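Content type PDB, C-alpha atoms, from the file data15.pdb:
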MODEL        1
ATOM      1  CA  MET A   1      42.187-108.430  41.621
ATOM      2  CA  ASN A   2      42.773-105.086  39.930
ATOM      3  CA  LYS A   3      46.044-103.494  41.051
ATOM      4  CA  LEU A   4      44.931 -99.896  40.542
ATOM      5  CA  TYR A   5      41.718-100.261  42.531
ATOM      6  CA  PRO A   6      42.186-103.507  44.494
ATOM      7  CA  SER A   7      38.786-103.238  46.175
ATOM      8  CA  CYS A   8      36.912-103.015  42.874
ATOM      9  CA  PRO A   9      34.859-106.212  42.438
ATOM     10  CA  TYR A  10      34.806-105.941  38.646
ATOM     11  CA  GLU A  11      37.703-107.140  36.533
ATOM     12  CA  PHE A  12      39.078-104.191  34.603
ATOM     13  CA  LYS A  13      42.076-104.701  32.355
ATOM     14  CA  PRO A  14      44.304-102.325  30.365
ATOM     15  CA  VAL A  15      43.406-101.776  26.709
ATOM     16  CA  SER A  16      45.796-103.805  24.562
ATOM     17  CA  LEU A  17      46.026-104.728  20.903
ATOM     18  CA  ASN A  18      44.828-108.210  21.801
ATOM     19  CA  ASP A  19      41.498-106.700  22.898
ATOM     20  CA  LYS A  20      40.645-105.249  19.490
ATOM     21  CA  ASP A  21      38.485-108.107  18.224
ATOM     22  CA  THR A  22      36.675-108.301  21.558
ATOM     23  CA  LEU A  23      35.932-104.585  21.852
ATOM     24  CA  LEU A  24      35.104-103.638  18.270
ATOM     25  CA  PRO A  25      31.593-105.174  18.233
ATOM     26  CA  TYR A  26      30.718-103.064  21.280
ATOM     27  CA  LEU A  27      32.377 -99.885  20.021
ATOM     28  CA  GLN A  28      30.932-100.021  16.516
ATOM     29  CA  CYS A  29      27.336-100.256  17.707
ATOM     30  CA  VAL A  30      27.484 -96.863  19.447
ATOM     31  CA  PRO A  31      24.813 -94.884  17.549
ATOM     32  CA  LEU A  32      26.681 -91.550  17.431
ATOM     33  CA  PRO A  33      30.249 -91.978  16.111
ATOM     34  CA  ILE A  34      32.167 -89.891  18.663
ATOM     35  CA  CYS A  35      35.931 -90.155  18.430
ATOM     36  CA  ASP A  36      36.226 -91.345  22.043
ATOM     37  CA  TYR A  37      34.883 -94.751  20.984
ATOM     38  CA  ALA A  38      37.396 -95.334  18.192
ATOM     39  CA  PHE A  39      39.568 -98.288  19.228
ATOM     40  CA  THR A  40      42.658 -96.544  17.846
ATOM     41  CA  ASN A  41      42.090 -93.643  20.241
ATOM     42  CA  LEU A  42      41.449 -95.928  23.209
ATOM     43  CA  TYR A  43      44.655 -97.828  22.515
ATOM     44  CA  GLY A  44      46.741 -94.867  21.395
ATOM     45  CA  TRP A  45      45.977 -92.732  24.448
ATOM     46  CA  SER A  46      45.910 -95.601  26.949
ATOM     47  CA  HIS A  47      49.454 -94.780  28.102
ATOM     48  CA  TYR A  48      48.308 -91.269  29.020
ATOM     49  CA  TYR A  49      44.905 -91.973  30.567
ATOM     50  CA  ASN A  50      45.564 -95.471  31.895
ATOM     51  CA  THR A  51      42.540 -96.645  29.919
ATOM     52  CA  GLN A  52      40.927 -99.890  31.075
ATOM     53  CA  TRP A  53      37.825-101.882  30.240
ATOM     54  CA  ALA A  54      35.478-104.466  31.731
ATOM     55  CA  ILE A  55      32.244-106.219  30.868
ATOM     56  CA  MET A  56      29.587-105.284  33.421
ATOM     57  CA  GLY A  57      25.848-105.681  33.732
ATOM     58  CA  ASP A  58      25.120-108.773  31.690
ATOM     59  CA  ASN A  59      26.967-107.807  28.500
ATOM     60  CA  THR A  60      27.910-104.120  28.622
ATOM     61  CA  LEU A  61      31.317-102.637  27.837
ATOM     62  CA  VAL A  62      32.494-100.119  30.435
ATOM     63  CA  ILE A  63      35.582 -98.001  29.795
ATOM     64  CA  ARG A  64      37.361 -96.189  32.587
ATOM     65  CA  PHE A  65      40.480 -94.062  32.825
ATOM     66  CA  ILE A  66      42.509 -91.752  35.042
ATOM     67  CA  ARG A  67      42.776 -88.047  34.335
ATOM     68  CA  ASN A  68      44.942 -85.434  36.013
ATOM     69  CA  ASN A  69      46.226 -87.976  38.525
ATOM     70  CA  ALA A  70      42.779 -88.391  40.074
ATOM     71  CA  HIS A  71      42.616 -91.013  42.802
ATOM     72  CA  TYR A  72      39.264 -92.252  41.546
ATOM     73  CA  PRO A  73      38.226 -93.751  38.183
ATOM     74  CA  LEU A  74      36.354 -91.826  35.489
ATOM     75  CA  TYR A  75      34.059 -93.566  33.000
ATOM     76  CA  MET A  76      32.697 -93.275  29.510
ATOM     77  CA  LEU A  77      28.899 -93.543  29.470
ATOM     78  CA  PRO A  78      28.343 -97.212  28.543
ATOM     79  CA  HIS A  79      25.770 -96.445  25.841
ATOM     80  CA  CYS A  80      22.943 -94.109  24.920
ATOM     81  CA  SER A  81      20.081 -96.584  24.753
ATOM     82  CA  MET A  82      19.220 -97.924  28.194
ATOM     83  CA  SER A  83      18.966-101.698  27.803
ATOM     84  CA  GLU A  84      18.564-103.860  30.905
ATOM     85  CA  SER A  85      22.262-104.735  30.836
ATOM     86  CA  ARG A  86      23.362-101.100  30.512
ATOM     87  CA  ILE A  87      21.042-100.011  33.331
ATOM     88  CA  LYS A  88      22.475-102.787  35.482
ATOM     89  CA  ALA A  89      26.037-101.668  34.665
ATOM     90  CA  ILE A  90      25.283 -98.061  35.627
ATOM     91  CA  VAL A  91      23.681 -99.220  38.881
ATOM     92  CA  GLN A  92      26.784-101.294  39.636
ATOM     93  CA  LEU A  93      29.031 -98.276  39.004
ATOM     94  CA  LYS A  94      26.825 -96.113  41.234
ATOM     95  CA  GLU A  95      26.934 -98.640  44.061
ATOM     96  CA  PHE A  96      30.684 -99.101  43.819
ATOM     97  CA  SER A  97      31.389 -95.350  43.661
ATOM     98  CA  LEU A  98      29.103 -94.577  46.599
ATOM     99  CA  SER A  99      30.542 -97.423  48.670
ATOM    100  CA  LYS A 100      34.070 -96.041  48.205
ATOM    101  CA  GLY A 101      33.110 -92.372  48.541
ATOM    102  CA  TYR A 102      34.198 -91.740  44.945
ATOM    103  CA  PRO A 103      32.455 -89.215  42.708
ATOM    104  CA  LEU A 104      30.872 -90.758  39.608
ATOM    105  CA  PHE A 105      31.477 -89.019  36.286
ATOM    106  CA  PHE A 106      30.387 -90.174  32.850
ATOM    107  CA  PHE A 107      32.089 -88.553  29.863
ATOM    108  CA  GLY A 108      31.112 -88.579  26.184
ATOM    109  CA  VAL A 109      27.487 -87.759  26.981
ATOM    110  CA  THR A 110      25.677 -86.479  23.899
ATOM    111  CA  PRO A 111      22.307 -84.698  24.248
ATOM    112  CA  PRO A 112      20.317 -87.849  23.289
ATOM    113  CA  CYS A 113      22.349 -89.765  25.890
ATOM    114  CA  SER A 114      21.565 -87.205  28.574
ATOM    115  CA  ASN A 115      17.862 -87.456  27.767
ATOM    116  CA  ASN A 116      17.908 -91.240  28.050
ATOM    117  CA  LEU A 117      19.942 -91.144  31.251
ATOM    118  CA  GLU A 118      17.555 -88.614  32.795
ATOM    119  CA  GLU A 119      14.515 -90.678  31.836
ATOM    120  CA  THR A 120      16.024 -93.837  33.335
ATOM    121  CA  PHE A 121      17.572 -92.222  36.421
ATOM    122  CA  PRO A 122      15.346 -89.157  36.976
ATOM    123  CA  ASN A 123      16.923 -86.280  38.882
ATOM    124  CA  GLU A 124      20.021 -88.337  39.806
ATOM    125  CA  PHE A 125      22.572 -86.661  37.500
ATOM    126  CA  ASN A 126      23.709 -83.144  36.760
ATOM    127  CA  PHE A 127      24.822 -82.457  33.199
ATOM    128  CA  VAL A 128      27.707 -80.152  32.362
ATOM    129  CA  TRP A 129      28.139 -78.915  28.808
ATOM    130  CA  LYS A 130      31.612 -77.518  28.341
ATOM    131  CA  ASP A 131      32.191 -74.760  25.830
ATOM    132  CA  ARG A 132      32.449 -76.282  22.384
ATOM    133  CA  SER A 133      33.349 -79.796  23.536
ATOM    134  CA  VAL A 134      32.315 -81.266  20.214
ATOM    135  CA  ASP A 135      33.411 -83.601  17.446
ATOM    136  CA  TYR A 136      33.527 -81.952  14.027
ATOM    137  CA  ILE A 137      31.827 -84.129  11.401
ATOM    138  CA  TYR A 138      32.022 -83.532   7.638
ATOM    139  CA  THR A 139      30.701 -85.413   4.647
ATOM    140  CA  ARG A 140      33.358 -87.084   2.548
ATOM    141  CA  GLU A 141      31.859 -85.455  -0.519
ATOM    142  CA  LYS A 142      32.231 -81.956   0.938
ATOM    143  CA  LEU A 143      35.911 -82.388   1.795
ATOM    144  CA  ALA A 144      36.655 -84.089  -1.514
ATOM    145  CA  ARG A 145      34.840 -81.609  -3.778
ATOM    146  CA  LEU A 146      35.125 -78.355  -1.793
ATOM    147  CA  ALA A 147      32.220 -77.039  -3.824
ATOM    148  CA  GLY A 148      30.426 -73.752  -3.270
ATOM    149  CA  LYS A 149      31.231 -70.199  -2.300
ATOM    150  CA  LYS A 150      31.860 -70.973   1.379
ATOM    151  CA  LEU A 151      34.828 -73.173   0.511
ATOM    152  CA  GLN A 152      36.297 -70.924  -2.165
ATOM    153  CA  ALA A 153      39.193 -69.986   0.131
ATOM    154  CA  LYS A 154      40.122 -73.660   0.497
ATOM    155  CA  ARG A 155      40.174 -74.111  -3.260
ATOM    156  CA  ASN A 156      42.363 -71.017  -3.532
ATOM    157  CA  HIS A 157      44.854 -72.436  -1.019
ATOM    158  CA  ILE A 158      45.004 -75.705  -2.937
ATOM    159  CA  ASN A 159      45.461 -73.975  -6.300
ATOM    160  CA  LYS A 160      48.251 -71.873  -4.805
ATOM    161  CA  PHE A 161      49.952 -74.981  -3.459
ATOM    162  CA  LYS A 162      49.712 -76.747  -6.817
ATOM    163  CA  LYS A 163      51.171 -73.699  -8.550
ATOM    164  CA  LEU A 164      54.076 -73.464  -6.114
ATOM    165  CA  TYR A 165      54.747 -77.212  -6.030
ATOM    166  CA  PRO A 166      53.530 -78.673  -9.326
ATOM    167  CA  ASN A 167      55.484 -81.898  -8.828
ATOM    168  CA  TYR A 168      53.991 -82.734  -5.441
ATOM    169  CA  ILE A 169      52.912 -86.329  -4.838
ATOM    170  CA  TYR A 170      50.118 -87.754  -2.697
ATOM    171  CA  GLU A 171      50.635 -91.338  -1.659
ATOM    172  CA  PRO A 172      48.814 -93.645   0.768
ATOM    173  CA  LEU A 173      50.455 -94.686   4.017
ATOM    174  CA  GLN A 174      52.709 -97.711   3.713
ATOM    175  CA  LYS A 175      54.184 -99.901   6.417
ATOM    176  CA  LYS A 176      57.663 -99.674   4.909
ATOM    177  CA  ASP A 177      57.725 -95.905   5.460
ATOM    178  CA  ILE A 178      56.664 -95.810   9.120
ATOM    179  CA  ALA A 179      60.131 -94.690  10.234
ATOM    180  CA  SER A 180      59.932 -91.674   7.937
ATOM    181  CA  TYR A 181      56.441 -90.798   9.237
ATOM    182  CA  LEU A 182      57.732 -90.891  12.802
ATOM    183  CA  ALA A 183      60.674 -88.708  11.818
ATOM    184  CA  PHE A 184      58.269 -86.207  10.269
ATOM    185  CA  VAL A 185      56.014 -85.922  13.349
ATOM    186  CA  ASP A 186      59.085 -85.602  15.589
ATOM    187  CA  LYS A 187      60.406 -82.822  13.383
ATOM    188  CA  TRP A 188      56.970 -81.162  13.481
ATOM    189  CA  LEU A 189      57.019 -81.246  17.296
ATOM    190  CA  ASP A 190      60.561 -79.868  17.411
ATOM    191  CA  GLY A 191      59.370 -76.981  15.254
ATOM    192  CA  GLU A 192      56.897 -75.845  17.904
ATOM    193  CA  VAL A 193      58.126 -72.840  19.856
ATOM    194  CA  GLU A 194      57.181 -74.343  23.228
ATOM    195  CA  PRO A 195      55.791 -77.876  22.930
ATOM    196  CA  ASN A 196      53.284 -78.266  25.787
ATOM    197  CA  GLU A 197      52.291 -81.399  27.660
ATOM    198  CA  SER A 198      49.371 -82.079  25.293
ATOM    199  CA  LEU A 199      51.555 -81.939  22.168
ATOM    200  CA  ILE A 200      54.195 -84.158  23.754
ATOM    201  CA  ALA A 201      51.505 -86.658  24.797
ATOM    202  CA  GLU A 202      50.048 -86.551  21.289
ATOM    203  CA  ASN A 203      53.478 -87.285  19.824
ATOM    204  CA  LYS A 204      53.755 -90.364  22.050
ATOM    205  CA  MET A 205      50.273 -91.405  20.926
ATOM    206  CA  ILE A 206      51.303 -91.112  17.262
ATOM    207  CA  HIS A 207      54.356 -93.276  17.896
ATOM    208  CA  ARG A 208      52.207 -95.818  19.703
ATOM    209  CA  ILE A 209      49.637 -96.201  16.929
ATOM    210  CA  LEU A 210      52.117 -96.143  14.029
ATOM    211  CA  GLU A 211      54.109 -98.875  15.734
ATOM    212  CA  ALA A 212      50.851-100.878  15.704
ATOM    213  CA  TYR A 213      50.067 -99.902  12.110
ATOM    214  CA  GLU A 214      48.885-103.308  10.901
ATOM    215  CA  PRO A 215      46.898-104.512  13.943
ATOM    216  CA  LEU A 216      45.062-101.172  14.102
ATOM    217  CA  GLN A 217      44.421-101.262  10.333
ATOM    218  CA  LEU A 218      45.468 -97.655   9.984
ATOM    219  CA  PHE A 219      45.372 -95.819   6.690
ATOM    220  CA  GLY A 220      45.901 -92.280   5.488
ATOM    221  CA  GLY A 221      48.323 -90.472   3.256
ATOM    222  CA  VAL A 222      51.266 -88.128   2.885
ATOM    223  CA  ILE A 223      52.169 -85.248   0.619
ATOM    224  CA  ARG A 224      55.720 -85.265  -0.693
ATOM    225  CA  VAL A 225      57.573 -82.378  -2.292
ATOM    226  CA  ASP A 226      60.958 -83.281  -3.777
ATOM    227  CA  ASN A 227      60.516 -86.647  -2.043
ATOM    228  CA  ALA A 228      60.321 -85.010   1.407
ATOM    229  CA  ILE A 229      57.192 -85.501   3.508
ATOM    230  CA  ILE A 230      55.532 -82.152   4.155
ATOM    231  CA  ALA A 231      52.085 -83.328   5.326
ATOM    232  CA  LEU A 232      50.634 -86.449   6.938
ATOM    233  CA  THR A 233      47.181 -87.846   7.784
ATOM    234  CA  ILE A 234      46.495 -90.961   9.888
ATOM    235  CA  ALA A 235      42.989 -92.422  10.176
ATOM    236  CA  SER A 236      40.964 -95.511  10.977
ATOM    237  CA  TYR A 237      37.321 -96.558  10.756
ATOM    238  CA  ILE A 238      34.907 -95.867  13.603
ATOM    239  CA  ASN A 239      32.308 -97.938  11.767
ATOM    240  CA  ASP A 240      31.544 -98.952   8.181
ATOM    241  CA  THR A 241      30.609 -95.442   7.049
ATOM    242  CA  VAL A 242      32.575 -93.094   9.354
ATOM    243  CA  VAL A 243      36.327 -92.482   9.278
ATOM    244  CA  ASP A 244      38.117 -90.927  12.244
ATOM    245  CA  VAL A 245      41.034 -88.632  11.373
ATOM    246  CA  HIS A 246      43.367 -89.129  14.329
ATOM    247  CA  VAL A 247      46.328 -87.134  13.084
ATOM    248  CA  GLU A 248      46.802 -84.335  10.574
ATOM    249  CA  LYS A 249      50.167 -82.600  10.513
ATOM    250  CA  ALA A 250      51.723 -80.334   7.911
ATOM    251  CA  ASP A 251      54.752 -78.102   7.470
ATOM    252  CA  VAL A 252      53.297 -74.578   7.429
ATOM    253  CA  ASN A 253      56.326 -73.353   5.498
ATOM    254  CA  TYR A 254      54.558 -74.887   2.498
ATOM    255  CA  GLU A 255      51.571 -72.638   1.905
ATOM    256  CA  GLY A 256      48.383 -74.658   1.543
ATOM    257  CA  ALA A 257      49.904 -77.882   2.930
ATOM    258  CA  TYR A 258      47.052 -78.490   5.368
ATOM    259  CA  ALA A 259      44.412 -77.821   2.729
ATOM    260  CA  ILE A 260      45.998 -80.157   0.185
ATOM    261  CA  ILE A 261      46.453 -83.119   2.545
ATOM    262  CA  ASN A 262      42.883 -82.758   3.778
ATOM    263  CA  ASN A 263      41.508 -82.683   0.250
ATOM    264  CA  GLU A 264      43.681 -85.439  -1.212
ATOM    265  CA  PHE A 265      42.884 -87.783   1.676
ATOM    266  CA  ALA A 266      39.135 -87.203   1.312
ATOM    267  CA  LYS A 267      39.363 -87.868  -2.438
ATOM    268  CA  SER A 268      41.195 -91.133  -1.778
ATOM    269  CA  LEU A 269      38.366 -92.613   0.316
ATOM    270  CA  PRO A 270      35.805 -95.010  -1.175
ATOM    271  CA  GLU A 271      32.243 -93.826  -1.716
ATOM    272  CA  THR A 272      31.063 -96.143   1.061
ATOM    273  CA  VAL A 273      32.557 -93.630   3.494
ATOM    274  CA  LEU A 274      29.881 -91.041   4.207
ATOM    275  CA  TYR A 275      31.472 -88.978   6.966
ATOM    276  CA  LEU A 276      34.820 -87.974   8.427
ATOM    277  CA  ASN A 277      35.107 -87.247  12.136
ATOM    278  CA  ARG A 278      37.950 -84.754  12.475
ATOM    279  CA  GLU A 279      37.735 -84.913  16.268
ATOM    280  CA  GLU A 280      37.801 -82.015  18.742
ATOM    281  CA  ASP A 281      39.425 -78.588  18.740
ATOM    282  CA  LEU A 282      40.793 -79.115  22.285
ATOM    283  CA  GLY A 283      39.885 -75.541  23.153
ATOM    284  CA  ILE A 284      42.717 -74.247  20.934
ATOM    285  CA  PRO A 285      41.500 -71.088  19.118
ATOM    286  CA  GLY A 286      43.555 -71.714  15.975
ATOM    287  CA  LEU A 287      42.424 -75.323  15.714
ATOM    288  CA  ARG A 288      38.821 -74.318  16.288
ATOM    289  CA  LYS A 289      39.061 -71.702  13.532
ATOM    290  CA  ALA A 290      40.562 -74.251  11.136
ATOM    291  CA  LYS A 291      37.829 -76.829  11.793
ATOM    292  CA  GLU A 292      35.046 -74.249  11.564
ATOM    293  CA  SER A 293      36.441 -72.942   8.281
ATOM    294  CA  TYR A 294      35.356 -76.183   6.597
ATOM    295  CA  HIS A 295      31.755 -75.618   7.772
ATOM    296  CA  PRO A 296      31.069 -78.937   9.537
ATOM    297  CA  ASP A 297      27.911 -80.795   8.621
ATOM    298  CA  LYS A 298      27.423 -81.978  12.198
ATOM    299  CA  LEU A 299      28.710 -80.951  15.598
ATOM    300  CA  LEU A 300      28.471 -83.832  18.055
ATOM    301  CA  GLU A 301      28.237 -82.105  21.421
ATOM    302  CA  LYS A 302      29.686 -84.045  24.352
ATOM    303  CA  GLY A 303      29.074 -83.284  27.999
ATOM    304  CA  VAL A 304      29.633 -84.813  31.414
ATOM    305  CA  ALA A 305      27.036 -86.520  33.624
ATOM    306  CA  ILE A 306      27.790 -86.212  37.349
ATOM    307  CA  LEU A 307      25.969 -88.203  39.992
ATOM    308  CA  LYS A 308      24.427 -85.561  42.246
ATOM    309  CA  SER A 309      25.868 -87.117  45.387
ATOM    310  CA  SER A 310      29.357 -86.571  43.916
ATOM    311  CA  LYS A 311      31.249 -83.713  45.553
ATOM    312  CA  LEU A 312      34.283 -83.296  43.325
ATOM    313  CA  SER A 313      34.670 -81.743  39.869
ATOM    314  CA  PRO A 314      36.168 -83.594  36.872
TER
ENDMDL
END

Please render this file's structure as structure tokens.
Amino acid sequence: MNKLYPSCPYEFKPVSLNDKDTLLPYLQCVPLPICDYAFTNLYGWSHYYNTQWAIMGDNTLVIRFIRNNAHYPLYMLPHCSMSESRIKAIVQLKEFSLSKGYPLFFFGVTPPCSNNLEETFPNEFNFVWKDRSVDYIYTREKLARLAGKKLQAKRNHINKFKKLYPNYIYEPLQKKDIASYLAFVDKWLDGEVEPNESLIAENKMIHRILEAYEPLQLFGGVIRVDNAIIALTIASYINDTVVDVHVEKADVNYEGAYAIINNEFAKSLPETVLYLNREEDLGIPGLRKAKESYHPDKLLEKGVAILKSSKLSP
């Protein structure tokens, strides 16, 4: 029986590296490539959210986690399209939540998902759309070429960087250098005036995924100046055509460092990659401004579906 919720009749288990081959076929068939369904994110943040999974319905992956020390589980919406198995899984979650007096929240609900959920369970859910809770999606070609007037400022930053540091080197991530990558992200965190809980948790996530570099099949790149790492990107595939950029860090003392690592990484990707998901802005004004400055090709809006009988807020 599950130790966290011993009365739960469904067998949930923590996300581990051993689950990757089992979960990927489910995760990669999600029609909209939101970052929440990237296995690297599920594994990397599992220490923070106590992420767990189970197969419910007949053959439906259900992901649940704890947030803000809630005493009840929270769930990702199993899938947008309402197959018989997915409907059955949602019904099972409703019955369990109601039987325990728990609220039922589904996260990662895109507008098409909300439409399908409403059609299948009419008038049973409220939908909450938080301000700018979106994934920022860009074409690989846009980030690699930076063509057009709108991206002139980015090209200027890159040209300035190349002028200041003509001997810079871009190199792909390598297993042998993981210790130096970890040292760089630790130094980056130490450079923050007041590292908050989110940044500290992110640092732990970076350690967790880099220490599982090979099983997670991570890739990315670094910028070196005088052999010192001054920028780093870590990514993995969401599916065959979409890359998720999990981490992008740079030393702002090197003008244009963020622009150059972004551009060099995009140029390094094969043409089979069509899009890069650069994840959310986390409500941070500076991060939002940076992501908007690249003029995203798609904004994948994500809301919350709340069973109307639920009394608590997420």

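Look at A:Gln217: the protein and nucleic acid residues within 10 Å of it, using only C-alpha atoms and passing over chain neighbours fewer than 5 places away, are Thr40, Ile209, Leu210, Ala212, Ala235, Ser236 and Tyr237 of chain A.
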
Exercise for the section: Would you work out the distance separating atom CA of A:Asn277 from atom CA of A:Ile137, expressed in Å to one decimal? Expected result: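 Atom CA of A:Ile137 lies at a distance of 4.6 Å from atom CA of A:Asn277.
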
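Among A:Leu42, A:Gly256, A:Ile178, A:Ala183, the residue with the shortest atom-to-atom distance to A:Lys163, counting all atoms listed in the file, is A:Gly256.
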
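Note that the spacing between atom CA of A:Tyr48 and atom CA of A:Ala201 amounts to 7.0 Å.
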
Practice task
Could you check which of A:Pro111, A:Asn159, A:Ser97, A:Arg278 is closest to A:Pro296, using all atoms listed in the file?
Solution key: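 Closest to A:Pro296, using all atoms listed in the file: A:Arg278.
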
Can I get stretch 44-52 of chain A with all heavy atoms filled in, as a short mmCIF file (atom, residue, chain, number, x, y, z; two decimals), in the coordinates of the input?
data_model
loop_
_atom_site.label_atom_id
_atom_site.label_comp_id
_atom_site.auth_asym_id
_atom_site.auth_seq_id
_atom_site.Cartn_x
_atom_site.Cartn_y
_atom_site.Cartn_z
N GLY A 44 45.67 -95.84 21.57
CA GLY A 44 46.74 -94.87 21.40
C GLY A 44 46.96 -93.99 22.61
O GLY A 44 48.09 -93.64 22.95
N TRP A 45 45.88 -93.62 23.29
CA TRP A 45 45.98 -92.73 24.45
C TRP A 45 46.00 -93.50 25.77
O TRP A 45 46.01 -92.88 26.85
CB TRP A 45 44.82 -91.75 24.46
CG TRP A 45 44.94 -90.68 23.42
CD1 TRP A 45 44.33 -90.63 22.20
CD2 TRP A 45 45.73 -89.49 23.52
NE1 TRP A 45 44.69 -89.50 21.52
CE2 TRP A 45 45.55 -88.77 22.31
CE3 TRP A 45 46.58 -88.97 24.50
CZ2 TRP A 45 46.19 -87.57 22.07
CZ3 TRP A 45 47.22 -87.76 24.26
CH2 TRP A 45 47.02 -87.06 23.05
N SER A 46 46.01 -94.83 25.71
CA SER A 46 45.91 -95.60 26.95
C SER A 46 47.11 -95.38 27.86
O SER A 46 47.00 -95.50 29.08
CB SER A 46 45.73 -97.09 26.64
OG SER A 46 46.85 -97.59 25.92
N HIS A 47 48.27 -95.05 27.28
CA HIS A 47 49.45 -94.78 28.10
C HIS A 47 49.27 -93.51 28.92
O HIS A 47 49.86 -93.35 29.99
CB HIS A 47 50.69 -94.64 27.20
CG HIS A 47 50.69 -93.39 26.38
ND1 HIS A 47 49.81 -93.20 25.32
CD2 HIS A 47 51.42 -92.25 26.48
CE1 HIS A 47 50.02 -92.01 24.79
NE2 HIS A 47 50.97 -91.41 25.47
N TYR A 48 48.48 -92.58 28.40
CA TYR A 48 48.31 -91.27 29.02
C TYR A 48 47.18 -91.27 30.04
O TYR A 48 47.27 -90.66 31.10
CB TYR A 48 48.04 -90.24 27.92
CG TYR A 48 48.05 -88.80 28.39
CD1 TYR A 48 49.26 -88.18 28.72
CD2 TYR A 48 46.88 -88.06 28.47
CE1 TYR A 48 49.29 -86.85 29.13
CE2 TYR A 48 46.90 -86.74 28.88
CZ TYR A 48 48.10 -86.13 29.21
OH TYR A 48 48.12 -84.82 29.63
N TYR A 49 46.08 -91.97 29.70
CA TYR A 49 44.90 -91.97 30.57
C TYR A 49 44.74 -93.26 31.36
O TYR A 49 43.76 -93.41 32.08
CB TYR A 49 43.64 -91.75 29.72
CG TYR A 49 43.55 -90.38 29.13
CD1 TYR A 49 43.65 -90.19 27.75
CD2 TYR A 49 43.36 -89.26 29.93
CE1 TYR A 49 43.57 -88.92 27.20
CE2 TYR A 49 43.27 -88.00 29.38
CZ TYR A 49 43.37 -87.83 28.01
OH TYR A 49 43.28 -86.58 27.47
N ASN A 50 45.67 -94.18 31.22
CA ASN A 50 45.56 -95.47 31.90
C ASN A 50 44.19 -96.10 31.61
O ASN A 50 43.46 -96.50 32.52
CB ASN A 50 45.79 -95.31 33.41
CG ASN A 50 46.06 -96.63 34.10
OD1 ASN A 50 46.30 -97.64 33.46
ND2 ASN A 50 45.98 -96.62 35.41
N THR A 51 43.86 -96.18 30.35
CA THR A 51 42.54 -96.64 29.92
C THR A 51 42.38 -98.14 30.18
O THR A 51 43.25 -98.94 29.84
CB THR A 51 42.34 -96.37 28.42
OG1 THR A 51 42.74 -95.01 28.14
CG2 THR A 51 40.89 -96.56 28.02
N GLN A 52 41.22 -98.51 30.77
CA GLN A 52 40.93 -99.89 31.08
C GLN A 52 39.49 -100.21 30.69
O GLN A 52 38.68 -99.30 30.47
CB GLN A 52 41.14 -100.15 32.58
CG GLN A 52 42.55 -99.88 33.05
CD GLN A 52 42.72 -100.14 34.53
OE1 GLN A 52 41.75 -100.23 35.28
NE2 GLN A 52 43.96 -100.27 34.96
#
